[in-house]
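J.: Sending over target_1.txt (compact mmCIF, N, CA and C atoms).
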# COMPACT_ATOMS: atom_id res chain seq x y z
N MET A 12 16.48 57.24 87.37
CA MET A 12 17.30 57.41 86.19
C MET A 12 18.77 57.41 86.63
N ARG A 13 19.54 56.54 86.03
CA ARG A 13 20.97 56.47 86.32
C ARG A 13 21.73 57.23 85.25
N LEU A 14 22.52 58.21 85.69
CA LEU A 14 23.32 59.01 84.77
C LEU A 14 24.79 58.86 85.13
N TYR A 15 25.61 58.68 84.11
CA TYR A 15 27.04 58.46 84.30
C TYR A 15 27.79 59.78 84.18
N LEU A 16 28.62 60.05 85.19
CA LEU A 16 29.32 61.33 85.28
C LEU A 16 30.51 61.40 84.33
N VAL A 17 30.61 62.52 83.65
CA VAL A 17 31.71 62.78 82.73
C VAL A 17 32.71 63.72 83.40
N ASN A 18 32.18 64.74 84.09
CA ASN A 18 33.01 65.76 84.71
C ASN A 18 32.20 66.44 85.80
N SER A 19 32.86 66.94 86.87
CA SER A 19 32.14 67.58 87.98
C SER A 19 32.94 68.73 88.57
N ILE A 20 32.19 69.68 89.16
CA ILE A 20 32.80 70.77 89.92
C ILE A 20 31.94 71.07 91.14
N ARG A 21 32.48 71.85 92.06
CA ARG A 21 31.73 72.39 93.20
C ARG A 21 31.89 73.90 93.12
N THR A 22 30.78 74.64 93.24
CA THR A 22 30.87 76.08 93.07
C THR A 22 29.71 76.79 93.78
N ASN A 23 29.63 78.10 93.57
CA ASN A 23 28.59 78.95 94.13
C ASN A 23 28.34 80.08 93.14
N ASN A 24 27.09 80.31 92.79
CA ASN A 24 26.76 81.33 91.79
C ASN A 24 27.06 82.75 92.25
N PHE A 25 27.14 82.98 93.54
CA PHE A 25 27.23 84.34 94.05
C PHE A 25 28.55 84.66 94.75
N THR A 26 29.22 83.67 95.33
CA THR A 26 30.45 83.97 96.07
C THR A 26 31.72 83.46 95.37
N ASP A 27 31.57 82.62 94.38
CA ASP A 27 32.73 82.08 93.65
C ASP A 27 33.01 82.98 92.44
N LYS A 28 34.06 83.76 92.52
CA LYS A 28 34.40 84.69 91.43
C LYS A 28 34.76 83.94 90.14
N GLU A 29 35.10 82.67 90.25
CA GLU A 29 35.51 81.85 89.09
C GLU A 29 34.37 80.99 88.55
N VAL A 30 33.13 81.20 89.02
CA VAL A 30 32.03 80.30 88.69
C VAL A 30 31.85 80.10 87.19
N MET A 31 31.83 81.18 86.41
CA MET A 31 31.59 81.03 84.97
C MET A 31 32.76 80.32 84.29
N GLY A 32 33.98 80.62 84.70
CA GLY A 32 35.15 79.94 84.13
C GLY A 32 35.16 78.46 84.47
N LYS A 33 34.80 78.12 85.71
CA LYS A 33 34.75 76.71 86.12
C LYS A 33 33.71 75.94 85.31
N ILE A 34 32.54 76.56 85.15
CA ILE A 34 31.47 75.89 84.41
C ILE A 34 31.86 75.72 82.95
N GLN A 35 32.41 76.77 82.36
CA GLN A 35 32.81 76.70 80.95
C GLN A 35 33.89 75.65 80.73
N THR A 36 34.89 75.61 81.60
CA THR A 36 35.97 74.62 81.48
C THR A 36 35.43 73.20 81.64
N MET A 37 34.52 73.01 82.62
CA MET A 37 33.93 71.69 82.84
C MET A 37 33.22 71.20 81.58
N TRP A 38 32.40 72.08 80.96
CA TRP A 38 31.66 71.70 79.75
C TRP A 38 32.61 71.46 78.59
N GLU A 39 33.63 72.28 78.42
CA GLU A 39 34.58 72.09 77.32
C GLU A 39 35.28 70.74 77.43
N GLU A 40 35.73 70.40 78.65
CA GLU A 40 36.39 69.12 78.87
C GLU A 40 35.43 67.95 78.60
N ALA A 41 34.19 68.10 79.04
CA ALA A 41 33.20 67.05 78.83
C ALA A 41 32.93 66.85 77.34
N TYR A 42 32.76 67.93 76.61
CA TYR A 42 32.50 67.81 75.17
C TYR A 42 33.67 67.18 74.42
N ARG A 43 34.88 67.44 74.87
CA ARG A 43 36.04 66.77 74.25
C ARG A 43 35.95 65.27 74.45
N SER A 44 35.51 64.84 75.63
CA SER A 44 35.37 63.41 75.92
C SER A 44 34.21 62.77 75.17
N LEU A 45 33.25 63.59 74.76
CA LEU A 45 32.01 63.08 74.17
C LEU A 45 31.85 63.46 72.70
N LYS A 46 32.95 63.66 72.00
CA LYS A 46 32.91 64.12 70.61
C LYS A 46 31.93 63.33 69.74
N GLN A 47 31.93 62.03 69.87
CA GLN A 47 31.10 61.17 69.01
C GLN A 47 29.74 60.84 69.63
N TYR A 48 29.47 61.35 70.82
CA TYR A 48 28.23 61.02 71.53
C TYR A 48 27.03 61.66 70.85
N GLN A 49 25.98 60.88 70.60
CA GLN A 49 24.83 61.35 69.82
C GLN A 49 23.53 61.49 70.63
N ASN A 50 23.55 61.14 71.91
CA ASN A 50 22.33 61.18 72.71
C ASN A 50 22.30 62.42 73.60
N SER A 51 21.27 62.53 74.43
CA SER A 51 21.13 63.69 75.32
C SER A 51 22.27 63.75 76.32
N ILE A 52 22.64 64.98 76.64
CA ILE A 52 23.68 65.26 77.64
C ILE A 52 23.01 66.07 78.75
N TYR A 53 23.40 65.80 79.99
CA TYR A 53 22.78 66.42 81.16
C TYR A 53 23.77 67.26 81.94
N GLY A 54 23.29 68.37 82.46
CA GLY A 54 24.00 69.13 83.47
C GLY A 54 23.21 68.95 84.75
N ILE A 55 23.79 68.28 85.75
CA ILE A 55 23.06 67.93 86.97
C ILE A 55 23.53 68.80 88.13
N TYR A 56 22.58 69.39 88.83
CA TYR A 56 22.84 70.22 90.00
C TYR A 56 22.38 69.43 91.23
N TYR A 57 23.25 69.30 92.21
CA TYR A 57 22.92 68.46 93.37
C TYR A 57 23.84 68.81 94.55
N ASP A 58 23.67 68.10 95.65
CA ASP A 58 24.47 68.30 96.85
C ASP A 58 24.45 69.77 97.26
N TYR A 59 23.22 70.31 97.29
CA TYR A 59 23.04 71.71 97.65
C TYR A 59 23.37 71.96 99.11
N GLU A 60 24.12 73.01 99.38
CA GLU A 60 24.42 73.43 100.75
C GLU A 60 23.16 73.99 101.41
N SER A 61 22.38 74.75 100.65
CA SER A 61 21.15 75.36 101.17
C SER A 61 20.18 75.58 100.02
N ASP A 62 20.12 76.82 99.53
CA ASP A 62 19.26 77.14 98.39
C ASP A 62 20.13 77.56 97.21
N TYR A 63 19.55 78.28 96.25
CA TYR A 63 20.31 78.64 95.05
C TYR A 63 21.45 79.61 95.33
N LYS A 64 21.48 80.18 96.52
CA LYS A 64 22.56 81.12 96.89
C LYS A 64 23.74 80.40 97.54
N GLY A 65 23.59 79.12 97.87
CA GLY A 65 24.65 78.36 98.53
C GLY A 65 25.50 77.56 97.55
N ASP A 66 26.48 76.86 98.10
CA ASP A 66 27.35 76.00 97.28
C ASP A 66 26.54 74.81 96.75
N TYR A 67 26.98 74.30 95.61
CA TYR A 67 26.35 73.13 95.02
C TYR A 67 27.37 72.41 94.14
N SER A 68 27.05 71.18 93.79
CA SER A 68 27.86 70.42 92.85
C SER A 68 27.16 70.43 91.51
N LEU A 69 27.96 70.45 90.45
CA LEU A 69 27.45 70.43 89.08
C LEU A 69 28.25 69.40 88.31
N SER A 70 27.56 68.52 87.62
CA SER A 70 28.21 67.48 86.82
C SER A 70 27.62 67.43 85.43
N VAL A 71 28.46 67.08 84.47
CA VAL A 71 28.00 66.73 83.13
C VAL A 71 27.84 65.22 83.15
N ALA A 72 26.72 64.74 82.63
CA ALA A 72 26.45 63.30 82.68
C ALA A 72 25.71 62.85 81.43
N ILE A 73 25.75 61.54 81.20
CA ILE A 73 25.06 60.92 80.07
C ILE A 73 24.34 59.66 80.55
N GLU A 74 23.41 59.18 79.75
CA GLU A 74 22.66 57.98 80.11
C GLU A 74 23.44 56.70 79.86
N ASP A 75 24.33 56.72 78.90
CA ASP A 75 25.09 55.52 78.56
C ASP A 75 26.24 55.35 79.54
N GLU A 76 26.58 54.09 79.80
CA GLU A 76 27.65 53.79 80.76
C GLU A 76 28.95 54.46 80.31
N PHE A 77 29.56 55.17 81.27
CA PHE A 77 30.76 55.94 80.99
C PHE A 77 31.57 55.97 82.27
N GLY A 78 32.61 55.19 82.35
CA GLY A 78 33.41 55.15 83.58
C GLY A 78 32.67 54.47 84.71
N GLU A 79 33.11 54.74 85.92
CA GLU A 79 32.56 54.05 87.09
C GLU A 79 31.64 54.92 87.93
N SER A 80 31.69 56.25 87.77
CA SER A 80 30.91 57.14 88.61
C SER A 80 29.54 57.41 88.00
N PHE A 81 28.53 57.37 88.85
CA PHE A 81 27.18 57.67 88.38
C PHE A 81 26.36 58.29 89.50
N ILE A 82 25.26 58.90 89.10
CA ILE A 82 24.27 59.46 90.02
C ILE A 82 22.95 58.78 89.72
N GLU A 83 22.23 58.43 90.75
CA GLU A 83 20.90 57.84 90.61
C GLU A 83 19.88 58.92 90.98
N ILE A 84 19.14 59.39 90.00
CA ILE A 84 18.11 60.39 90.25
C ILE A 84 16.79 59.66 90.46
N PRO A 85 16.17 59.84 91.63
CA PRO A 85 14.92 59.13 91.92
C PRO A 85 13.86 59.38 90.85
N ALA A 86 13.26 58.32 90.36
CA ALA A 86 12.28 58.41 89.27
C ALA A 86 10.96 59.03 89.72
N LYS A 87 10.66 58.95 90.99
CA LYS A 87 9.34 59.41 91.46
C LYS A 87 9.32 60.88 91.86
N LYS A 88 10.38 61.59 91.63
CA LYS A 88 10.42 63.01 91.96
C LYS A 88 9.52 63.80 91.03
N LYS A 89 8.96 64.89 91.54
CA LYS A 89 8.17 65.80 90.72
C LYS A 89 9.08 66.92 90.22
N TYR A 90 8.89 67.30 88.96
CA TYR A 90 9.72 68.35 88.36
C TYR A 90 8.86 69.39 87.67
N GLU A 91 9.28 70.62 87.81
CA GLU A 91 8.76 71.72 86.99
C GLU A 91 9.74 71.82 85.83
N ILE A 92 9.22 71.79 84.60
CA ILE A 92 10.10 71.78 83.43
C ILE A 92 10.01 73.13 82.71
N TYR A 93 11.18 73.71 82.47
CA TYR A 93 11.31 75.00 81.79
C TYR A 93 12.01 74.76 80.45
N LYS A 94 11.37 75.19 79.38
CA LYS A 94 12.00 75.11 78.06
C LYS A 94 12.85 76.35 77.86
N VAL A 95 14.08 76.16 77.39
CA VAL A 95 15.01 77.25 77.17
C VAL A 95 14.84 77.79 75.76
N ASP A 96 14.83 79.10 75.63
CA ASP A 96 14.79 79.74 74.31
C ASP A 96 16.19 79.65 73.71
N THR A 97 16.39 78.67 72.85
CA THR A 97 17.73 78.43 72.29
C THR A 97 18.08 79.42 71.18
N THR A 98 17.14 80.28 70.80
CA THR A 98 17.47 81.32 69.83
C THR A 98 18.13 82.51 70.52
N ASP A 99 18.05 82.55 71.84
CA ASP A 99 18.64 83.61 72.65
C ASP A 99 19.99 83.13 73.18
N GLU A 100 21.05 83.86 72.91
CA GLU A 100 22.39 83.48 73.37
C GLU A 100 22.45 83.35 74.89
N GLN A 101 21.63 84.12 75.59
CA GLN A 101 21.57 84.08 77.05
C GLN A 101 20.39 83.24 77.55
N GLY A 102 19.88 82.36 76.70
CA GLY A 102 18.68 81.59 77.03
C GLY A 102 18.77 80.80 78.32
N ILE A 103 19.87 80.11 78.55
CA ILE A 103 20.01 79.30 79.77
C ILE A 103 20.06 80.21 81.00
N LEU A 104 20.89 81.25 80.93
CA LEU A 104 21.00 82.18 82.05
C LEU A 104 19.66 82.87 82.33
N ASN A 105 18.97 83.27 81.28
CA ASN A 105 17.66 83.92 81.45
C ASN A 105 16.64 82.97 82.08
N THR A 106 16.70 81.71 81.69
CA THR A 106 15.77 80.73 82.27
C THR A 106 16.06 80.52 83.74
N TRP A 107 17.35 80.42 84.11
CA TRP A 107 17.70 80.30 85.52
C TRP A 107 17.27 81.54 86.30
N SER A 108 17.42 82.71 85.72
CA SER A 108 16.97 83.95 86.38
C SER A 108 15.47 83.89 86.65
N LYS A 109 14.71 83.40 85.67
CA LYS A 109 13.26 83.25 85.84
C LYS A 109 12.96 82.27 86.98
N ILE A 110 13.68 81.16 87.04
CA ILE A 110 13.49 80.17 88.10
C ILE A 110 13.73 80.81 89.46
N TRP A 111 14.84 81.54 89.60
CA TRP A 111 15.15 82.19 90.88
C TRP A 111 14.10 83.24 91.24
N GLU A 112 13.61 84.00 90.25
CA GLU A 112 12.57 84.99 90.51
C GLU A 112 11.30 84.31 91.00
N GLU A 113 10.91 83.21 90.37
CA GLU A 113 9.70 82.49 90.79
C GLU A 113 9.87 81.94 92.20
N GLU A 114 11.07 81.49 92.52
CA GLU A 114 11.32 80.99 93.87
C GLU A 114 11.22 82.12 94.89
N GLU A 115 11.84 83.24 94.59
CA GLU A 115 11.79 84.40 95.50
C GLU A 115 10.35 84.88 95.71
N ALA A 116 9.54 84.79 94.67
CA ALA A 116 8.14 85.24 94.74
C ALA A 116 7.24 84.21 95.42
N GLY A 117 7.79 83.02 95.74
CA GLY A 117 7.01 81.99 96.41
C GLY A 117 6.19 81.15 95.45
N VAL A 118 6.34 81.35 94.16
CA VAL A 118 5.59 80.61 93.15
C VAL A 118 6.16 79.20 92.96
N LEU A 119 7.47 79.08 93.08
CA LEU A 119 8.16 77.81 92.88
C LEU A 119 8.71 77.32 94.22
N LYS A 120 8.31 76.12 94.62
CA LYS A 120 8.76 75.51 95.88
C LYS A 120 9.76 74.41 95.55
N ARG A 121 11.03 74.77 95.54
CA ARG A 121 12.07 73.82 95.13
C ARG A 121 12.40 72.81 96.22
N ALA A 122 12.75 71.60 95.81
CA ALA A 122 13.11 70.53 96.75
C ALA A 122 14.60 70.52 97.03
N TYR A 123 15.42 71.08 96.14
CA TYR A 123 16.88 71.08 96.27
C TYR A 123 17.43 69.68 96.47
N SER A 124 17.03 68.78 95.61
CA SER A 124 17.58 67.43 95.59
C SER A 124 18.44 67.29 94.34
N TYR A 125 17.81 67.02 93.22
CA TYR A 125 18.51 66.93 91.92
C TYR A 125 17.75 67.77 90.90
N ASP A 126 18.41 68.75 90.36
CA ASP A 126 17.88 69.54 89.25
C ASP A 126 18.77 69.24 88.06
N PHE A 127 18.23 69.37 86.85
CA PHE A 127 19.11 69.11 85.71
C PHE A 127 18.69 69.84 84.45
N GLU A 128 19.69 70.15 83.65
CA GLU A 128 19.50 70.66 82.30
C GLU A 128 19.63 69.47 81.37
N LYS A 129 18.72 69.35 80.44
CA LYS A 129 18.79 68.27 79.47
C LYS A 129 19.00 68.89 78.08
N TYR A 130 20.12 68.51 77.48
CA TYR A 130 20.48 69.00 76.15
C TYR A 130 20.17 67.90 75.15
N PHE A 131 19.15 68.11 74.36
CA PHE A 131 18.71 67.11 73.39
C PHE A 131 19.59 67.17 72.13
N PRO A 132 19.72 66.05 71.43
CA PRO A 132 20.52 66.02 70.20
C PRO A 132 20.04 67.02 69.14
N ASN A 133 18.74 67.36 69.15
CA ASN A 133 18.19 68.29 68.15
C ASN A 133 18.42 69.76 68.51
N GLY A 134 19.11 70.01 69.63
CA GLY A 134 19.43 71.38 70.03
C GLY A 134 18.50 71.97 71.08
N GLU A 135 17.39 71.30 71.36
CA GLU A 135 16.48 71.80 72.40
C GLU A 135 17.13 71.62 73.78
N ILE A 136 16.73 72.49 74.72
CA ILE A 136 17.23 72.41 76.09
C ILE A 136 16.06 72.58 77.04
N GLU A 137 15.99 71.74 78.06
CA GLU A 137 15.01 71.85 79.13
C GLU A 137 15.75 71.91 80.46
N ILE A 138 15.19 72.69 81.40
CA ILE A 138 15.69 72.69 82.76
C ILE A 138 14.61 72.08 83.64
N HIS A 139 14.96 71.01 84.35
CA HIS A 139 14.05 70.29 85.23
C HIS A 139 14.39 70.66 86.68
N ILE A 140 13.41 71.24 87.37
CA ILE A 140 13.61 71.68 88.75
C ILE A 140 12.77 70.78 89.67
N ALA A 141 13.43 70.11 90.59
CA ALA A 141 12.72 69.26 91.56
C ALA A 141 11.89 70.14 92.48
N ILE A 142 10.62 69.77 92.65
CA ILE A 142 9.72 70.56 93.49
C ILE A 142 9.20 69.71 94.64
N LYS A 143 8.77 70.41 95.68
CA LYS A 143 8.25 69.75 96.87
C LYS A 143 6.88 69.19 96.63
Please re-express this file's structure in structure tokens.

T.:
Amino acid sequence: MRLYLVNSIRTNNFTDKEVMGKIQTMWEEAYRSLKQYQNSIYGIYYDYESDYKGDYSLSVAIEDEFGESFIEIPAKKKYEIYKVDTTDEQGILNTWSKIWEEEEAGVLKRAYSYDFEKYFPNGEIEIHIAIK
């Protein structure tokens, strides 16, 4: 799957004191660029330093051609898919917490290649975690 990058940052969930501000600003800027966009929007996690505690890159991307930068996500990867409770204001954060808990418990064996959040036009959200 080829996804075209709209905006990107590099951060760390645990050591970057500005992580939430960086993510929020990245999404706000991306949405301004995509005001008329009607298809799914992706938040892609990649270029992992180590595991979920290390540095990583995060990009907002779309399937339609947009600029010159893109990421090619291998089609043959296996993913564990988590549906986000969109009625909960903290749904995305809670889903990521569940993912990290499952990983710590040894239930989830992450590949740390490309993970992504998929925001559907109808408001649904899925988090796709690459697994070994």

J.: Among segment 15-135 of chain A, which ones does DSSP assign to alpha helix (DSSP H) (computed from the backbone)? Answer as an NGL selection string.

T.: :A and (30-44 or 102-115)

J.: For Trp107 of chain A, which residue among A:Glu29, A:Asp126, A:Glu76, A:Glu83 is the nearest when counting only C-alpha atoms?

T.: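 Closest residue, counting only C-alpha atoms: A:Asp126.
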
J.: So how far away is atom N of Lys120 of chain A from atom N of Tyr53 of chain A, in Å?

T.: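 Value for the atom N of Tyr53 of chain A-atom N of Lys120 of chain A distance: 23.4 Å.
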
J.: Excluding same-chain residues fewer than 6 positions from segment 13-18 of chain A, what lies within 8 Å of it counting only C-alpha atoms, as a PyMOL selection string?

T.: chain A and resi 37-38+40-41+44+70-84

J.: So, counting only C-alpha atoms, which residue among A:Met12, A:Leu45, A:Ile52, A:Ile92 is closest to Leu119 of chain A?

T.: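 Nearest to Leu119 of chain A: A:Ile92.
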
J.: Between atom C of Thr36 of chain A and atom CA of Glu113 of chain A, what is the distance in Å, rounded to a tenth?

T.: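 A separation of 28.8 Å between them.
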
J.: Quick one: of A:Phe25, A:Tyr42, A:Tyr48, A:Tyr63, who's nearest to Glu112 of chain A, counting only C-alpha atoms?

T.: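 Closest to Glu112 of chain A, using only C-alpha atoms: A:Tyr63.
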
J.: Could you pull the residues within 10 Å of Ile142 of chain A, counting only C-alpha atoms, minus those fewer than 4 positions along the same chain, as an NGL selection string?

T.: :A and (88-91 or 119-126)

J.: In the coordinate frame of the file, compute which residues have an atom within 7 Å of (29.4, 76.5, 89.0) when using all atoms listed in the file, and state them as a ChimeraX atom specification.

T.: /A:20-24,29-31,33-34,67-69

J.: Using only N, CA and C atoms, please write the residues we just selected to a file, as an mmCIF file, in the coordinates of the input.

T.:
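again29.cif, written as the output of this step:
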data_model
loop_
_atom_site.group_PDB
_atom_site.id
_atom_site.type_symbol
_atom_site.label_atom_id
_atom_site.label_comp_id
_atom_site.auth_asym_id
_atom_site.auth_seq_id
_atom_site.Cartn_x
_atom_site.Cartn_y
_atom_site.Cartn_z
ATOM 1 N N ILE A 20 32.190 69.680 89.160
ATOM 2 C CA ILE A 20 32.800 70.770 89.920
ATOM 3 C C ILE A 20 31.940 71.070 91.140
ATOM 4 N N ARG A 21 32.480 71.850 92.060
ATOM 5 C CA ARG A 21 31.730 72.390 93.200
ATOM 6 C C ARG A 21 31.890 73.900 93.120
ATOM 7 N N THR A 22 30.780 74.640 93.240
ATOM 8 C CA THR A 22 30.870 76.080 93.070
ATOM 9 C C THR A 22 29.710 76.790 93.780
ATOM 10 N N ASN A 23 29.630 78.100 93.570
ATOM 11 C CA ASN A 23 28.590 78.950 94.130
ATOM 12 C C ASN A 23 28.340 80.080 93.140
ATOM 13 N N ASN A 24 27.090 80.310 92.790
ATOM 14 C CA ASN A 24 26.760 81.330 91.790
ATOM 15 C C ASN A 24 27.060 82.750 92.250
ATOM 16 N N GLU A 29 35.100 82.670 90.250
ATOM 17 C CA GLU A 29 35.510 81.850 89.090
ATOM 18 C C GLU A 29 34.370 80.990 88.550
ATOM 19 N N VAL A 30 33.130 81.200 89.020
ATOM 20 C CA VAL A 30 32.030 80.300 88.690
ATOM 21 C C VAL A 30 31.850 80.100 87.190
ATOM 22 N N MET A 31 31.830 81.180 86.410
ATOM 23 C CA MET A 31 31.590 81.030 84.970
ATOM 24 C C MET A 31 32.760 80.320 84.290
ATOM 25 N N LYS A 33 34.800 78.120 85.710
ATOM 26 C CA LYS A 33 34.750 76.710 86.120
ATOM 27 C C LYS A 33 33.710 75.940 85.310
ATOM 28 N N ILE A 34 32.540 76.560 85.150
ATOM 29 C CA ILE A 34 31.470 75.890 84.410
ATOM 30 C C ILE A 34 31.860 75.720 82.950
ATOM 31 N N TYR A 67 26.980 74.300 95.610
ATOM 32 C CA TYR A 67 26.350 73.130 95.020
ATOM 33 C C TYR A 67 27.370 72.410 94.140
ATOM 34 N N SER A 68 27.050 71.180 93.790
ATOM 35 C CA SER A 68 27.860 70.420 92.850
ATOM 36 C C SER A 68 27.160 70.430 91.510
ATOM 37 N N LEU A 69 27.960 70.450 90.450
ATOM 38 C CA LEU A 69 27.450 70.430 89.080
ATOM 39 C C LEU A 69 28.250 69.400 88.310
#

J.: So what do you get for atom C of Ser19 of chain A versus atom CA of Ile138 of chain A, distance-wise?

T.: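 Here the two named atoms are 18.6 Å from each other.
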
J.: Between A:Leu104, A:Gln49, A:Arg43, A:Tyr57, which has the minimum distance to Phe127 of chain A (counting only N, CA and C atoms)?

T.: A:Tyr57

J.: Using all atoms listed in the file, which residue out of A:Asn50, A:Ala116, A:Gly32, A:Ile55 lies closest to Pro132 of chain A?

T.: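 The shortest atom-to-atom distance to Pro132 of chain A comes from A:Asn50.
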
J.: A:Asp58, A:Ser51, A:Thr106, A:Gly65: which is nearest Glu135 of chain A, counting only C-alpha atoms?

T.: A:Ser51

J.: Looking only at strand (DSSP E or B) from DSSP on the backbone, list the matching residues of chain A as an NGL selection string.

T.: :A and (13-22 or 52-57 or 67-73 or 81-83 or 89-94 or 121 or 126-130 or 136-142)

J.: From the block you just saw, export segment 89-102 of chain A: N, CA and C atoms, as a PDB file, in the first residue's frame.

T.:
ATOM      1  N   LYS A  89       1.486  -9.077   8.337  1.00  0.00           N
ATOM      2  CA  LYS A  89       0.358  -9.488   9.169  1.00  0.00           C
ATOM      3  C   LYS A  89       0.088  -8.386  10.185  1.00  0.00           C
ATOM      4  N   TYR A  90      -1.197  -8.127  10.421  1.00  0.00           N
ATOM      5  CA  TYR A  90      -1.589  -7.080  11.363  1.00  0.00           C
ATOM      6  C   TYR A  90      -2.633  -7.585  12.342  1.00  0.00           C
ATOM      7  N   GLU A  91      -2.485  -7.153  13.569  1.00  0.00           N
ATOM      8  CA  GLU A  91      -3.537  -7.297  14.575  1.00  0.00           C
ATOM      9  C   GLU A  91      -4.310  -5.986  14.511  1.00  0.00           C
ATOM     10  N   ILE A  92      -5.632  -6.073  14.355  1.00  0.00           N
ATOM     11  CA  ILE A  92      -6.438  -4.861  14.175  1.00  0.00           C
ATOM     12  C   ILE A  92      -7.277  -4.612  15.429  1.00  0.00           C
ATOM     13  N   TYR A  93      -7.163  -3.393  15.941  1.00  0.00           N
ATOM     14  CA  TYR A  93      -7.897  -2.959  17.131  1.00  0.00           C
ATOM     15  C   TYR A  93      -8.891  -1.878  16.714  1.00  0.00           C
ATOM     16  N   LYS A  94     -10.150  -2.093  17.031  1.00  0.00           N
ATOM     17  CA  LYS A  94     -11.175  -1.081  16.773  1.00  0.00           C
ATOM     18  C   LYS A  94     -11.203  -0.126  17.960  1.00  0.00           C
ATOM     19  N   VAL A  95     -11.207   1.170  17.669  1.00  0.00           N
ATOM     20  CA  VAL A  95     -11.214   2.196  18.701  1.00  0.00           C
ATOM     21  C   VAL A  95     -12.655   2.538  19.066  1.00  0.00           C
ATOM     22  N   ASP A  96     -12.911   2.663  20.360  1.00  0.00           N
ATOM     23  CA  ASP A  96     -14.223   3.106  20.836  1.00  0.00           C
ATOM     24  C   ASP A  96     -14.309   4.613  20.627  1.00  0.00           C
ATOM     25  N   THR A  97     -14.946   5.018  19.546  1.00  0.00           N
ATOM     26  CA  THR A  97     -15.008   6.443  19.198  1.00  0.00           C
ATOM     27  C   THR A  97     -16.022   7.208  20.035  1.00  0.00           C
ATOM     28  N   THR A  98     -16.785   6.504  20.876  1.00  0.00           N
ATOM     29  CA  THR A  98     -17.689   7.212  21.788  1.00  0.00           C
ATOM     30  C   THR A  98     -16.939   7.693  23.027  1.00  0.00           C
ATOM     31  N   ASP A  99     -15.733   7.184  23.222  1.00  0.00           N
ATOM     32  CA  ASP A  99     -14.888   7.554  24.355  1.00  0.00           C
ATOM     33  C   ASP A  99     -13.886   8.616  23.897  1.00  0.00           C
ATOM     34  N   GLU A 100     -13.865   9.759  24.553  1.00  0.00           N
ATOM     35  CA  GLU A 100     -12.947  10.842  24.187  1.00  0.00           C
ATOM     36  C   GLU A 100     -11.491  10.386  24.232  1.00  0.00           C
ATOM     37  N   GLN A 101     -11.189   9.438  25.104  1.00  0.00           N
ATOM     38  CA  GLN A 101      -9.831   8.906  25.245  1.00  0.00           C
ATOM     39  C   GLN A 101      -9.671   7.574  24.505  1.00  0.00           C
ATOM     40  N   GLY A 102     -10.551   7.304  23.544  1.00  0.00           N
ATOM     41  CA  GLY A 102     -10.564   6.011  22.860  1.00  0.00           C
ATOM     42  C   GLY A 102      -9.241   5.616  22.228  1.00  0.00           C
TER      43      GLY A 102
END
